[in-house]
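Chemist: Next comes structure_18.tsv, TSV, C-alpha atoms:
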```
chain	number	residue	atom	x	y	z
Z	4	MET	CA	-24.78	-12.73	-15.46
Z	5	LYS	CA	-21.19	-13.61	-14.64
Z	6	ILE	CA	-18.94	-12.55	-11.75
Z	7	ILE	CA	-15.27	-13.49	-11.84
Z	8	ILE	CA	-13.12	-13.24	-8.71
Z	9	LEU	CA	-9.40	-13.26	-9.42
Z	10	GLY	CA	-7.60	-14.68	-6.38
Z	11	GLY	CA	-8.72	-17.26	-3.85
Z	12	GLY	CA	-6.85	-15.90	-0.84
Z	13	THR	CA	-8.42	-14.14	2.13
Z	14	ALA	CA	-10.18	-11.37	0.19
Z	15	GLY	CA	-11.37	-13.48	-2.73
Z	16	THR	CA	-12.67	-16.30	-0.53
Z	17	ILE	CA	-14.64	-13.92	1.69
Z	18	MET	CA	-16.31	-12.33	-1.34
Z	19	ALA	CA	-17.13	-15.69	-2.94
Z	20	ASN	CA	-18.97	-16.71	0.22
Z	21	LYS	CA	-20.80	-13.42	0.65
Z	22	LEU	CA	-21.94	-13.13	-2.97
Z	23	ARG	CA	-22.99	-16.77	-3.32
Z	24	LYS	CA	-25.32	-16.43	-0.35
Z	25	ALA	CA	-26.88	-13.23	-1.70
Z	26	LEU	CA	-27.26	-13.85	-5.44
Z	27	ASP	CA	-29.71	-16.16	-7.20
Z	28	ARG	CA	-27.84	-19.23	-8.44
Z	29	GLU	CA	-29.95	-19.46	-11.60
Z	30	GLU	CA	-29.21	-15.87	-12.57
Z	31	TRP	CA	-25.63	-15.42	-11.36
Z	32	ASP	CA	-22.60	-17.48	-12.27
Z	33	ILE	CA	-19.66	-16.94	-9.85
Z	34	THR	CA	-16.16	-18.17	-10.73
Z	35	VAL	CA	-12.97	-17.97	-8.67
Z	36	ILE	CA	-9.68	-18.20	-10.57
Z	37	ASP	CA	-6.46	-18.94	-8.67
Z	38	LYS	CA	-3.35	-20.88	-9.66
Z	39	ASN	CA	-2.80	-22.38	-6.19
Z	40	LYS	CA	-4.89	-25.04	-4.43
Z	41	THR	CA	-3.38	-24.37	-1.00
Z	42	HIS	CA	-4.62	-21.66	1.37
Z	43	TYR	CA	-1.96	-20.20	3.66
Z	44	TYR	CA	-2.67	-18.48	6.95
Z	45	GLN	CA	0.04	-15.93	6.32
Z	46	PRO	CA	0.14	-14.35	9.82
Z	47	GLY	CA	1.24	-17.78	11.04
Z	48	PHE	CA	4.46	-17.74	8.98
Z	49	LEU	CA	5.92	-15.37	11.57
Z	50	PHE	CA	5.67	-18.05	14.29
Z	51	ILE	CA	7.32	-20.87	12.33
Z	52	PRO	CA	10.97	-19.74	12.76
Z	53	PHE	CA	10.54	-19.96	16.54
Z	54	GLY	CA	8.85	-23.37	16.53
Z	55	ILE	CA	5.50	-21.98	17.76
Z	56	TYR	CA	3.43	-23.04	14.74
Z	57	ASN	CA	3.88	-25.99	12.43
Z	58	LYS	CA	2.75	-26.67	8.88
Z	59	HIS	CA	-0.68	-27.92	9.93
Z	60	ASP	CA	-1.43	-24.61	11.67
Z	61	VAL	CA	-1.00	-22.52	8.53
Z	62	ILE	CA	-1.98	-24.71	5.57
Z	63	LYS	CA	-5.39	-25.96	4.43
Z	64	PRO	CA	-6.91	-26.78	1.01
Z	65	LYS	CA	-8.54	-23.74	-0.60
Z	66	GLY	CA	-11.42	-25.90	-1.76
Z	67	ASP	CA	-12.53	-26.36	1.87
Z	68	PHE	CA	-13.59	-22.71	2.05
Z	69	PHE	CA	-15.37	-22.06	-1.24
Z	70	PRO	CA	-19.16	-22.43	-1.02
Z	71	ALA	CA	-21.19	-24.87	-3.07
Z	72	GLY	CA	-22.33	-23.26	-6.29
Z	73	VAL	CA	-19.09	-21.37	-6.94
Z	74	LYS	CA	-16.94	-22.59	-9.82
Z	75	VAL	CA	-13.21	-22.74	-9.12
Z	76	LEU	CA	-10.53	-22.78	-11.80
Z	77	TYR	CA	-6.98	-23.50	-10.68
Z	78	GLU	CA	-5.29	-21.78	-13.60
Z	79	ASN	CA	-2.77	-19.05	-14.31
Z	80	VAL	CA	-4.14	-15.76	-15.62
Z	81	ASP	CA	-2.26	-14.25	-18.54
Z	82	LYS	CA	-3.97	-10.86	-18.41
Z	83	ILE	CA	-7.22	-8.97	-18.08
Z	84	ALA	CA	-8.77	-7.20	-21.05
Z	85	CYS	CA	-10.95	-4.77	-19.09
Z	86	ASP	CA	-12.07	-2.96	-22.25
Z	87	LYS	CA	-13.56	-6.25	-23.49
Z	88	ASN	CA	-14.76	-7.57	-20.09
Z	89	GLN	CA	-12.55	-10.62	-20.48
Z	90	VAL	CA	-9.99	-12.59	-18.47
Z	91	LEU	CA	-7.42	-14.40	-20.60
Z	92	LEU	CA	-5.93	-17.56	-19.10
Z	93	GLU	CA	-2.48	-18.91	-19.92
Z	94	ASN	CA	-4.07	-22.08	-21.31
Z	95	GLY	CA	-5.75	-19.98	-24.01
Z	96	GLN	CA	-9.19	-19.95	-22.45
Z	97	VAL	CA	-11.09	-16.64	-22.57
Z	98	MET	CA	-13.50	-15.92	-19.70
Z	99	ALA	CA	-16.16	-13.23	-20.11
Z	100	TYR	CA	-17.53	-11.34	-17.12
Z	101	ASP	CA	-20.15	-8.77	-16.21
Z	102	TYR	CA	-18.42	-7.93	-12.93
Z	103	LEU	CA	-14.78	-8.51	-12.01
Z	104	ILE	CA	-13.30	-8.54	-8.50
Z	105	ILE	CA	-9.51	-8.34	-8.41
Z	106	ALA	CA	-8.14	-9.91	-5.23
Z	107	THR	CA	-4.72	-11.03	-6.43
Z	108	GLY	CA	-2.84	-9.80	-3.36
Z	109	THR	CA	0.79	-8.80	-3.16
Z	110	GLN	CA	3.97	-10.82	-3.58
Z	111	VAL	CA	7.58	-10.51	-2.45
Z	112	PHE	CA	10.30	-9.86	-5.01
Z	113	PRO	CA	13.72	-10.30	-3.34
Z	114	GLU	CA	15.44	-9.96	-6.70
Z	115	GLU	CA	14.44	-6.27	-6.75
Z	116	THR	CA	17.13	-5.49	-4.14
Z	117	PRO	CA	20.71	-5.93	-5.38
Z	118	GLY	CA	22.55	-8.58	-3.38
Z	119	MET	CA	19.52	-10.01	-1.62
Z	120	LYS	CA	19.08	-13.13	-3.71
Z	121	GLU	CA	22.75	-14.03	-4.10
Z	122	LYS	CA	25.04	-16.50	-2.33
Z	123	LEU	CA	23.81	-15.77	1.22
Z	124	TRP	CA	20.12	-16.29	0.30
Z	125	HIS	CA	18.71	-19.17	2.41
Z	126	LYS	CA	22.05	-19.30	4.29
Z	127	SER	CA	22.39	-16.04	6.22
Z	128	ILE	CA	19.61	-14.02	4.53
Z	129	PHE	CA	15.97	-15.04	4.96
Z	130	ASP	CA	12.42	-13.73	4.94
Z	131	PHE	CA	9.30	-15.13	6.62
Z	132	TYR	CA	6.84	-14.24	3.86
Z	133	THR	CA	7.00	-17.69	2.27
Z	134	ILE	CA	6.53	-20.96	4.10
Z	135	GLU	CA	9.74	-22.37	2.64
Z	136	LEU	CA	11.92	-19.58	4.01
Z	137	SER	CA	10.10	-19.60	7.36
Z	138	PHE	CA	11.11	-23.23	7.84
Z	139	ALA	CA	14.62	-22.55	6.52
Z	140	LEU	CA	14.96	-19.82	9.15
Z	141	GLN	CA	13.67	-22.21	11.84
Z	142	LYS	CA	16.39	-24.68	10.91
Z	143	PHE	CA	19.04	-21.93	10.90
Z	144	PHE	CA	18.08	-20.62	14.35
Z	145	LYS	CA	18.28	-24.10	15.91
Z	146	SER	CA	22.03	-24.27	15.35
Z	147	TRP	CA	22.97	-20.57	15.22
Z	148	GLU	CA	25.52	-19.61	17.85
Z	149	GLY	CA	24.74	-15.90	17.91
Z	150	GLY	CA	25.98	-12.62	16.51
Z	151	LYS	CA	24.29	-9.64	14.89
Z	152	LEU	CA	20.64	-10.40	13.98
Z	153	VAL	CA	19.15	-7.70	11.74
Z	154	MET	CA	15.49	-7.35	10.77
Z	155	ALA	CA	15.30	-5.00	7.77
Z	156	ILE	CA	12.46	-3.53	5.72
Z	157	THR	CA	13.28	-2.65	2.13
Z	158	GLU	CA	10.45	-0.28	1.27
Z	159	LEU	CA	6.76	0.51	1.72
Z	160	PRO	CA	4.14	-0.82	1.34
Z	161	TYR	CA	4.42	-4.41	2.53
Z	162	LYS	CA	2.15	-7.11	3.92
Z	163	CYS	CA	1.30	-6.85	7.62
Z	164	PRO	CA	3.18	-3.72	8.75
Z	165	VAL	CA	3.57	-4.91	12.35
Z	166	ALA	CA	5.05	-8.34	11.47
Z	167	PRO	CA	8.72	-7.18	11.55
Z	168	ILE	CA	8.15	-5.71	15.02
Z	169	GLU	CA	6.63	-9.00	16.13
Z	170	PHE	CA	9.60	-10.84	14.67
Z	171	VAL	CA	12.24	-9.00	16.71
Z	172	CYS	CA	10.15	-9.33	19.89
Z	173	LEU	CA	9.71	-13.07	19.39
Z	174	ALA	CA	13.42	-13.42	18.53
Z	175	GLU	CA	14.34	-11.65	21.77
Z	176	GLU	CA	12.22	-14.11	23.77
Z	177	TYR	CA	13.48	-17.12	21.76
Z	178	PHE	CA	17.16	-16.43	22.37
Z	179	ALA	CA	16.57	-15.45	25.99
Z	180	LYS	CA	14.89	-18.81	26.63
Z	181	LYS	CA	17.79	-20.56	24.89
Z	182	GLY	CA	20.11	-18.87	27.38
Z	183	MET	CA	21.99	-16.95	24.70
Z	184	ARG	CA	20.36	-13.52	24.62
Z	185	ASP	CA	23.68	-11.96	25.62
Z	186	LYS	CA	25.20	-13.47	22.46
Z	187	VAL	CA	22.60	-11.99	20.09
Z	188	ASP	CA	22.54	-8.31	19.13
Z	189	ILE	CA	19.12	-7.51	17.62
Z	190	THR	CA	18.66	-4.51	15.29
Z	191	TYR	CA	15.49	-3.29	13.58
Z	192	VAL	CA	16.18	-1.39	10.34
Z	193	THR	CA	13.35	0.59	8.77
Z	194	PRO	CA	12.80	3.32	6.16
Z	195	LEU	CA	10.27	4.87	8.56
Z	196	PRO	CA	11.31	7.62	11.00
Z	197	GLY	CA	10.52	5.23	13.88
Z	198	ALA	CA	9.09	1.85	14.79
Z	199	PHE	CA	5.70	2.61	13.17
Z	200	THR	CA	4.02	5.10	10.87
Z	201	LYS	CA	2.21	7.29	13.43
Z	202	PRO	CA	3.60	9.18	16.46
Z	203	VAL	CA	1.59	7.71	19.37
Z	204	ALA	CA	2.04	4.10	18.28
Z	205	THR	CA	5.68	4.75	17.38
Z	206	LYS	CA	6.45	5.97	20.90
Z	207	MET	CA	4.77	2.99	22.56
Z	208	LEU	CA	6.42	0.42	20.29
Z	209	SER	CA	9.81	2.15	20.40
Z	210	ASP	CA	9.72	2.17	24.20
Z	211	LEU	CA	8.81	-1.52	24.20
Z	212	MET	CA	11.70	-2.39	21.91
Z	213	HIS	CA	14.08	-0.26	23.98
Z	214	GLU	CA	13.06	-2.21	27.10
Z	215	LYS	CA	13.94	-5.42	25.25
Z	216	ASN	CA	17.35	-4.01	24.22
Z	217	ILE	CA	16.42	-4.04	20.54
Z	218	ASN	CA	18.21	-1.36	18.51
Z	219	ILE	CA	16.23	0.73	16.00
Z	220	VAL	CA	17.88	2.22	12.90
Z	221	PRO	CA	15.32	4.61	11.31
Z	222	ASP	CA	15.28	6.39	7.94
Z	223	PHE	CA	17.37	3.64	6.35
Z	224	TYR	CA	16.61	3.04	2.66
Z	225	ILE	CA	18.36	-0.13	1.49
Z	226	GLU	CA	20.22	0.30	-1.79
Z	227	ARG	CA	22.05	-3.04	-1.78
Z	228	ILE	CA	23.29	-5.92	0.34
Z	229	ASP	CA	27.02	-6.59	0.29
Z	230	ASN	CA	27.32	-10.39	0.55
Z	231	GLU	CA	31.11	-10.37	0.89
Z	232	ARG	CA	31.22	-7.98	3.85
Z	233	LYS	CA	27.77	-8.95	5.22
Z	234	VAL	CA	26.48	-5.37	5.46
Z	235	LEU	CA	23.34	-3.51	4.45
Z	236	VAL	CA	24.13	-0.38	2.47
Z	237	SER	CA	21.71	2.54	2.20
Z	238	TYR	CA	21.34	5.01	-0.66
Z	239	ASP	CA	23.27	7.58	1.39
Z	240	GLU	CA	26.02	4.99	2.06
Z	241	GLN	CA	25.15	4.23	5.69
Z	242	GLU	CA	26.01	0.66	6.64
Z	243	VAL	CA	24.54	-1.90	9.04
Z	244	PRO	CA	26.55	-5.10	9.54
Z	245	PHE	CA	24.85	-8.46	10.09
Z	246	ASP	CA	25.60	-12.11	10.78
Z	247	ALA	CA	22.00	-13.15	10.18
Z	248	LEU	CA	19.61	-10.99	8.16
Z	249	THR	CA	15.84	-11.31	8.01
Z	250	VAL	CA	14.25	-9.03	5.43
Z	251	VAL	CA	10.94	-7.78	4.18
Z	252	PRO	CA	11.61	-7.87	0.44
Z	253	VAL	CA	10.05	-5.42	-2.01
Z	254	ASN	CA	6.31	-6.07	-2.21
Z	255	MET	CA	4.53	-5.68	-5.55
Z	256	GLY	CA	1.22	-6.67	-7.04
Z	257	ASN	CA	0.74	-9.67	-9.32
Z	258	PRO	CA	2.80	-9.35	-12.55
Z	259	MET	CA	-0.42	-10.08	-14.42
Z	260	ILE	CA	-1.60	-6.59	-13.39
Z	261	GLU	CA	1.36	-5.10	-15.25
Z	262	ARG	CA	0.69	-7.26	-18.32
Z	263	SER	CA	-2.90	-6.01	-18.27
Z	264	GLY	CA	-1.82	-2.37	-18.14
Z	265	ILE	CA	-4.10	-1.57	-15.20
Z	266	GLY	CA	-1.64	-1.04	-12.34
Z	267	ASP	CA	0.63	1.62	-10.86
Z	268	ASP	CA	4.45	1.43	-10.68
Z	269	LEU	CA	4.24	-1.37	-8.10
Z	270	ASN	CA	1.47	-3.26	-9.95
Z	271	PHE	CA	-1.25	-2.28	-7.50
Z	272	VAL	CA	-4.60	-1.34	-9.04
Z	273	PRO	CA	-5.73	2.32	-8.71
Z	274	THR	CA	-8.87	2.04	-6.62
Z	275	ASN	CA	-11.38	4.47	-5.16
Z	276	LYS	CA	-10.42	4.32	-1.49
Z	277	HIS	CA	-14.02	4.62	-0.30
Z	278	THR	CA	-16.13	2.65	-2.80
Z	279	LEU	CA	-13.41	0.09	-3.74
Z	280	GLN	CA	-14.36	0.48	-7.40
Z	281	SER	CA	-11.59	0.59	-10.00
Z	282	GLU	CA	-10.67	4.15	-10.93
Z	283	ALA	CA	-10.78	3.19	-14.60
Z	284	PHE	CA	-13.56	0.61	-15.07
Z	285	GLU	CA	-17.06	0.82	-13.65
Z	286	ASN	CA	-17.65	-2.95	-13.41
Z	287	VAL	CA	-14.28	-3.77	-11.85
Z	288	PHE	CA	-13.75	-3.76	-8.08
Z	289	VAL	CA	-10.56	-4.33	-6.10
Z	290	LEU	CA	-10.20	-5.87	-2.66
Z	291	GLY	CA	-7.34	-6.56	-0.27
Z	292	ASP	CA	-3.64	-6.14	-0.96
Z	293	ALA	CA	-4.14	-5.79	-4.74
Z	294	ALA	CA	-5.59	-2.27	-4.29
Z	295	ASN	CA	-3.44	0.86	-3.98
Z	296	LEU	CA	-5.32	2.02	-0.88
Z	297	PRO	CA	-3.47	4.32	1.57
Z	298	THR	CA	-3.87	1.86	4.44
Z	299	SER	CA	-2.20	-1.30	5.72
Z	300	LYS	CA	-1.89	-4.37	3.54
Z	301	ALA	CA	-3.34	-6.63	6.21
Z	302	GLY	CA	-5.99	-9.30	6.56
Z	303	SER	CA	-8.13	-7.06	8.75
Z	304	VAL	CA	-8.31	-4.49	5.97
Z	305	ALA	CA	-9.53	-7.17	3.53
Z	306	HIS	CA	-12.12	-8.22	6.10
Z	307	PHE	CA	-13.49	-4.74	6.82
Z	308	ALA	CA	-13.32	-3.67	3.17
Z	309	SER	CA	-15.22	-6.81	2.10
Z	310	GLU	CA	-18.23	-5.64	4.08
Z	311	ILE	CA	-18.22	-2.34	2.18
Z	312	LEU	CA	-17.50	-3.93	-1.19
Z	313	PHE	CA	-20.32	-6.45	-0.80
Z	314	GLU	CA	-22.80	-3.65	-0.08
Z	315	ASN	CA	-21.56	-1.52	-2.98
Z	316	ILE	CA	-21.63	-4.38	-5.50
Z	317	MET	CA	-25.18	-5.25	-4.48
Z	318	ASN	CA	-26.15	-1.58	-4.84
Z	319	HIS	CA	-24.51	-1.40	-8.27
Z	320	ILE	CA	-26.20	-4.61	-9.46
Z	321	GLU	CA	-29.59	-3.30	-8.38
Z	322	GLY	CA	-29.04	0.14	-9.93
Z	323	ARG	CA	-28.68	2.08	-6.69
Z	324	PRO	CA	-25.92	4.54	-5.76
Z	325	MET	CA	-22.90	2.99	-4.04
Z	326	THR	CA	-23.44	4.59	-0.66
Z	327	ALA	CA	-21.19	2.37	1.48
Z	328	ARG	CA	-17.82	3.98	2.20
Z	329	PHE	CA	-14.68	2.27	3.44
Z	330	ASP	CA	-12.82	4.36	6.03
Z	331	GLY	CA	-9.51	2.48	5.84
Z	332	HIS	CA	-10.17	0.56	9.05
Z	333	ALA	CA	-7.30	-1.69	10.18
Z	334	ASN	CA	-7.04	-3.69	13.37
Z	335	CYS	CA	-3.80	-5.51	14.26
Z	336	TYR	CA	-2.72	-7.64	17.20
Z	337	ILE	CA	1.03	-7.37	17.78
Z	338	GLU	CA	2.71	-10.38	19.39
Z	339	THR	CA	5.40	-9.00	21.72
Z	340	GLY	CA	6.74	-12.18	23.32
Z	341	TYR	CA	6.48	-13.81	26.75
Z	342	GLY	CA	2.74	-14.48	26.29
Z	343	LYS	CA	1.86	-10.83	25.79
Z	344	GLY	CA	0.68	-8.67	22.92
Z	345	ALA	CA	-0.36	-5.18	21.89
Z	346	LEU	CA	-3.28	-4.01	19.77
Z	347	ILE	CA	-3.76	-1.11	17.36
Z	348	ASP	CA	-6.99	0.07	15.73
Z	349	PHE	CA	-6.95	2.90	13.16
Z	350	ASN	CA	-8.21	4.13	9.78
Z	351	TYR	CA	-7.39	6.61	7.00
Z	352	ASP	CA	-7.84	9.64	9.25
Z	353	THR	CA	-7.22	8.49	12.84
Z	354	GLU	CA	-3.91	7.10	14.05
Z	355	PRO	CA	-3.69	4.25	16.61
Z	356	LEU	CA	-4.66	5.60	20.05
Z	357	PRO	CA	-4.58	4.19	23.60
Z	358	GLY	CA	-7.82	2.90	25.08
Z	359	THR	CA	-9.91	-0.25	25.34
Z	360	PHE	CA	-11.38	-2.46	22.62
Z	361	PRO	CA	-14.04	-3.24	21.57
Z	362	LEU	CA	-16.02	-2.01	24.59
Z	363	PRO	CA	-15.29	1.38	26.23
Z	364	GLY	CA	-13.73	0.94	29.66
Z	365	ILE	CA	-14.27	-2.82	29.60
Z	366	GLY	CA	-12.21	-4.09	26.68
Z	367	PRO	CA	-11.28	-6.85	27.22
Z	368	PHE	CA	-8.41	-5.82	24.92
Z	369	GLY	CA	-6.11	-2.88	25.59
Z	370	LEU	CA	-5.16	-0.53	22.75
Z	371	LEU	CA	-1.43	0.29	22.72
Z	372	LYS	CA	-1.00	-1.75	25.88
Z	373	ASN	CA	1.21	-4.82	26.31
Z	374	THR	CA	-1.06	-7.42	27.94
Z	375	LYS	CA	-1.69	-11.16	28.14
Z	376	MET	CA	-5.28	-10.63	26.96
Z	377	ASN	CA	-4.05	-9.13	23.69
Z	378	HIS	CA	-1.88	-12.23	23.19
Z	379	TYR	CA	-4.96	-14.41	23.63
Z	380	GLY	CA	-6.75	-12.25	21.05
Z	381	LYS	CA	-3.99	-13.03	18.55
Z	382	ILE	CA	-4.24	-16.76	19.25
Z	383	ILE	CA	-8.05	-16.82	19.11
Z	384	PHE	CA	-8.01	-14.97	15.79
Z	385	ARG	CA	-6.46	-17.95	14.00
Z	386	TRP	CA	-9.49	-20.08	14.90
Z	387	MET	CA	-11.84	-17.27	13.85
Z	388	TYR	CA	-9.97	-16.88	10.57
Z	389	TRP	CA	-10.48	-20.50	9.51
Z	390	HIS	CA	-14.02	-20.95	10.85
Z	391	ILE	CA	-15.72	-17.54	10.54
Z	392	LEU	CA	-13.82	-14.93	8.54
Z	393	LEU	CA	-13.03	-16.94	5.39
Z	394	ARG	CA	-16.57	-18.28	5.23
Z	395	GLY	CA	-18.00	-14.76	5.04
Z	396	LYS	CA	-19.81	-15.01	8.36
Z	397	GLU	CA	-20.50	-12.08	10.64
Z	398	MET	CA	-17.57	-11.06	12.83
Z	399	PRO	CA	-18.08	-9.22	16.15
Z	400	ILE	CA	-16.27	-6.08	14.92
Z	401	GLU	CA	-17.83	-3.34	12.81
Z	402	ALA	CA	-16.39	-2.50	9.40
Z	403	ASP	CA	-16.17	1.19	10.33
Z	404	MET	CA	-13.69	2.21	13.00
Z	405	ASN	CA	-15.34	3.25	16.25
Z	406	MET	CA	-13.89	5.99	18.47
Z	407	ALA	CA	-15.63	4.55	21.54
Z	408	GLY	CA	-13.04	3.50	24.10
Z	409	LYS	CA	-10.22	5.47	22.49
Z	410	ASN	CA	-8.39	8.28	24.26
Z	411	SER	CA	-8.84	11.10	21.74
Z	412	ALA	CA	-6.90	13.51	23.97
Z	413	TYR	CA	-3.76	12.21	22.31
Z	414	LEU	CA	-4.97	13.70	19.02
Z	415	GLU	CA	-4.58	17.18	20.50
Z	416	LYS	CA	-0.95	16.70	21.54
```
As a first step, turn the structure in this file into structure tokens.

Modeler:
Amino acid sequence: MKIIILGGGTAGTIMANKLRKALDREEWDITVIDKNKTHYYQPGFLFIPFGIYNKHDVIKPKGDFFPAGVKVLYENVDKIACDKNQVLLENGQVMAYDYLIIATGTQVFPEETPGMKEKLWHKSIFDFYTIELSFALQKFFKSWEGGKLVMAITELPYKCPVAPIEFVCLAEEYFAKKGMRDKVDITYVTPLPGAFTKPVATKMLSDLMHEKNINIVPDFYIERIDNERKVLVSYDEQEVPFDALTVVPVNMGNPMIERSGIGDDLNFVPTNKHTLQSEAFENVFVLGDAANLPTSKAGSVAHFASEILFENIMNHIEGRPMTARFDGHANCYIETGYGKGALIDFNYDTEPLPGTFPLPGIGPFGLLKNTKMNHYGKIIFRWMYWHILLRGKEMPIEADMNMAGKNSAYLEK
């Protein structure tokens, strides 16, 4: 029997480790296919522009994290023929499978926004979703003399929803410590009605940004970027001027999904939000950012969903009903600058609420609180990512969201 995992990022690597431990090596052949040999710790890209992380903090060889007994092909995939149970590689090779796990993630497409990838690209317009642009932005900030710094989100969904908030908070600290905060006007531009997607978290994060003198421009849908005048232009012709622009480009699934005819308009795969099984093919499962789940595209979602997917695949293999159900659990540390951080914990049905995590009344982490302990949680997570999470080991957080420690009174307001 053959299992193919498409994608060797966070989601694919976790599943390779979990399945290899559980399945008989003589009966089950597991293959990971990914075009890249380098594994990136993507949350770390955010810290590079401010000189907090370097290349060694965010880059390691993918091969270090795949278990013995898993075949790895570093090849480009042309398309998937789900009706034939085949993966077609660009080199002409045809790979048959009994089970397929799609974990091809999401990518940024700056060319989707008119004016983004023109003459100011890499000069006054940057993103921090690739390592190259993160370092380009670091170099730019070192010599920048100030002006209007705009952080803008093009559209939803995108990887790590809190990252742009972290960016403006870290930028505020960075320029304050350089003694030039009074020379930098920081504006956060978002298509959302506020700083975040849900009311309680939006109020807390909006108040935090207000305290830091960071402007918020809500309900702004970017239509184009005018390079000559250095302004963002919305579909309803609002304008936001900038001297330096950091953007979250349009996020879409792997173009191979489109070539295979199995995706939605943004090339994400329609997926049962509870079982993580493809809506169209019984032996195809989808994990991480590649799925069209109504939750955050974040590493924590891939982690929690992998627990559910592993259980459901094992049930399916052994002919049992897929009883495990993913609740959309997401858990995100938010770096807020000056050695502090916030934390949110939520799922499909329950918005981020104040409280303590993971233990009621004890914590040690505070939900929707700005504390030093939450900052330490963010820092510790990088070590846990490389040494525990990727290797498919048990993490001290349950896959299902727990209401213990949360102040549910806010739900009634």

Chemist: Considering all atoms listed in the file, can you say which of Z:Met387, Z:Leu91, Z:Leu346, Z:Met119 comes closest to Glu231 (chain Z)?

Modeler: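 Between Z:Met387, Z:Leu91, Z:Leu346, Z:Met119, the residue approaching Glu231 (chain Z) most closely is Z:Met119.
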
Chemist: Could you build a table of the residues in region 83-179 of chain Z lying no more than 10 Å from region 314-327 of chain Z, giving for each the nearest pair of atoms and their separation in Å rounded to one decimal place, using all atoms listed in the file, ordered by chain and ascending residue number, as a Markdown table?

Modeler:
```
| residue | atom | partner | partner_atom | distance |
| --- | --- | --- | --- | --- |
| Z:Asp101 | CA | Z:Ile320 | CA | 10.0 |
| Z:Tyr102 | CA | Z:Ile316 | CA | 8.8 |
| Z:Ile104 | CA | Z:Ile316 | CA | 9.8 |
```

Chemist: CA of Gly15 (chain Z) and CA of Ala84 (chain Z) are how many Å apart?

Modeler: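 That distance, rounded to one decimal, is 19.5 Å.
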
Chemist: Point out the residue among Z:Ala333, Z:Leu159, Z:Ala14, Z:Ala407 with the least atom-to-atom distance to Gly366 (chain Z), counting all atoms listed in the file.

Modeler: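 So, comparing all the options, the nearest one is Z:Ala407.
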
Chemist: If the box runs along x, y and z of the file and leaves 5 Å on each side of region 23-26 of chain Z, what are its centre and edge lengths in Å, one decimal, as AutoDock Vina command-line options?

Modeler:
```
--center_x -25.1 --center_y -15.0 --center_z -2.9 --size_x 14.3 --size_y 13.5 --size_z 15.1
```

Chemist: Counting only C-alpha atoms, which of Z:Val203, Z:Ala301, Z:Val97, Z:Ile134 gets nearest to Ala412 (chain Z)?

Modeler: Z:Val203

Chemist: Which residues come within 8 Å of region 305-312 of chain Z, counting all atoms listed in the file, excluding same-chain residues fewer than 2 positions away, as a PDB file with C-alpha atoms, in the frame of the given file?

Modeler:
```
ATOM      1  CA  THR Z  13      -8.420 -14.140   2.130  1.00  0.00           C
ATOM      2  CA  ALA Z  14     -10.180 -11.370   0.190  1.00  0.00           C
ATOM      3  CA  ILE Z  17     -14.640 -13.920   1.690  1.00  0.00           C
ATOM      4  CA  MET Z  18     -16.310 -12.330  -1.340  1.00  0.00           C
ATOM      5  CA  THR Z 278     -16.130   2.650  -2.800  1.00  0.00           C
ATOM      6  CA  LEU Z 279     -13.410   0.090  -3.740  1.00  0.00           C
ATOM      7  CA  PHE Z 288     -13.750  -3.760  -8.080  1.00  0.00           C
ATOM      8  CA  LEU Z 290     -10.200  -5.870  -2.660  1.00  0.00           C
ATOM      9  CA  GLY Z 291      -7.340  -6.560  -0.270  1.00  0.00           C
ATOM     10  CA  ASP Z 292      -3.640  -6.140  -0.960  1.00  0.00           C
ATOM     11  CA  ALA Z 301      -3.340  -6.630   6.210  1.00  0.00           C
ATOM     12  CA  GLY Z 302      -5.990  -9.300   6.560  1.00  0.00           C
ATOM     13  CA  SER Z 303      -8.130  -7.060   8.750  1.00  0.00           C
ATOM     14  CA  GLU Z 314     -22.800  -3.650  -0.080  1.00  0.00           C
ATOM     15  CA  ASN Z 315     -21.560  -1.520  -2.980  1.00  0.00           C
ATOM     16  CA  ILE Z 316     -21.630  -4.380  -5.500  1.00  0.00           C
ATOM     17  CA  ALA Z 327     -21.190   2.370   1.480  1.00  0.00           C
ATOM     18  CA  ARG Z 328     -17.820   3.980   2.200  1.00  0.00           C
ATOM     19  CA  PHE Z 329     -14.680   2.270   3.440  1.00  0.00           C
ATOM     20  CA  GLY Z 331      -9.510   2.480   5.840  1.00  0.00           C
ATOM     21  CA  HIS Z 332     -10.170   0.560   9.050  1.00  0.00           C
ATOM     22  CA  ALA Z 333      -7.300  -1.690  10.180  1.00  0.00           C
ATOM     23  CA  LEU Z 392     -13.820 -14.930   8.540  1.00  0.00           C
ATOM     24  CA  GLU Z 401     -17.830  -3.340  12.810  1.00  0.00           C
ATOM     25  CA  ALA Z 402     -16.390  -2.500   9.400  1.00  0.00           C
ATOM     26  CA  ASP Z 403     -16.170   1.190  10.330  1.00  0.00           C
TER      27      ASP Z 403
END
```

Chemist: Could you pull the residues within 10 Å of Tyr379 (chain Z), counting all atoms listed in the file, minus those fewer than 2 positions along the same chain, as a VMD selection string?

Modeler: chain Z and resid 336 338 342 to 344 368 374 to 377 381 to 384

Chemist: Could you save the residues just selected, with C-alpha atoms, as a compact mmCIF listing (two decimals), keeping the file's coordinate frame?

Modeler:
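result_31.txt, freshly written:
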```
# COMPACT_ATOMS: atom_id res chain seq x y z
CA TYR Z 336 -2.72 -7.64 17.20
CA GLU Z 338 2.71 -10.38 19.39
CA GLY Z 342 2.74 -14.48 26.29
CA LYS Z 343 1.86 -10.83 25.79
CA GLY Z 344 0.68 -8.67 22.92
CA PHE Z 368 -8.41 -5.82 24.92
CA THR Z 374 -1.06 -7.42 27.94
CA LYS Z 375 -1.69 -11.16 28.14
CA MET Z 376 -5.28 -10.63 26.96
CA ASN Z 377 -4.05 -9.13 23.69
CA LYS Z 381 -3.99 -13.03 18.55
CA ILE Z 382 -4.24 -16.76 19.25
CA ILE Z 383 -8.05 -16.82 19.11
CA PHE Z 384 -8.01 -14.97 15.79
```
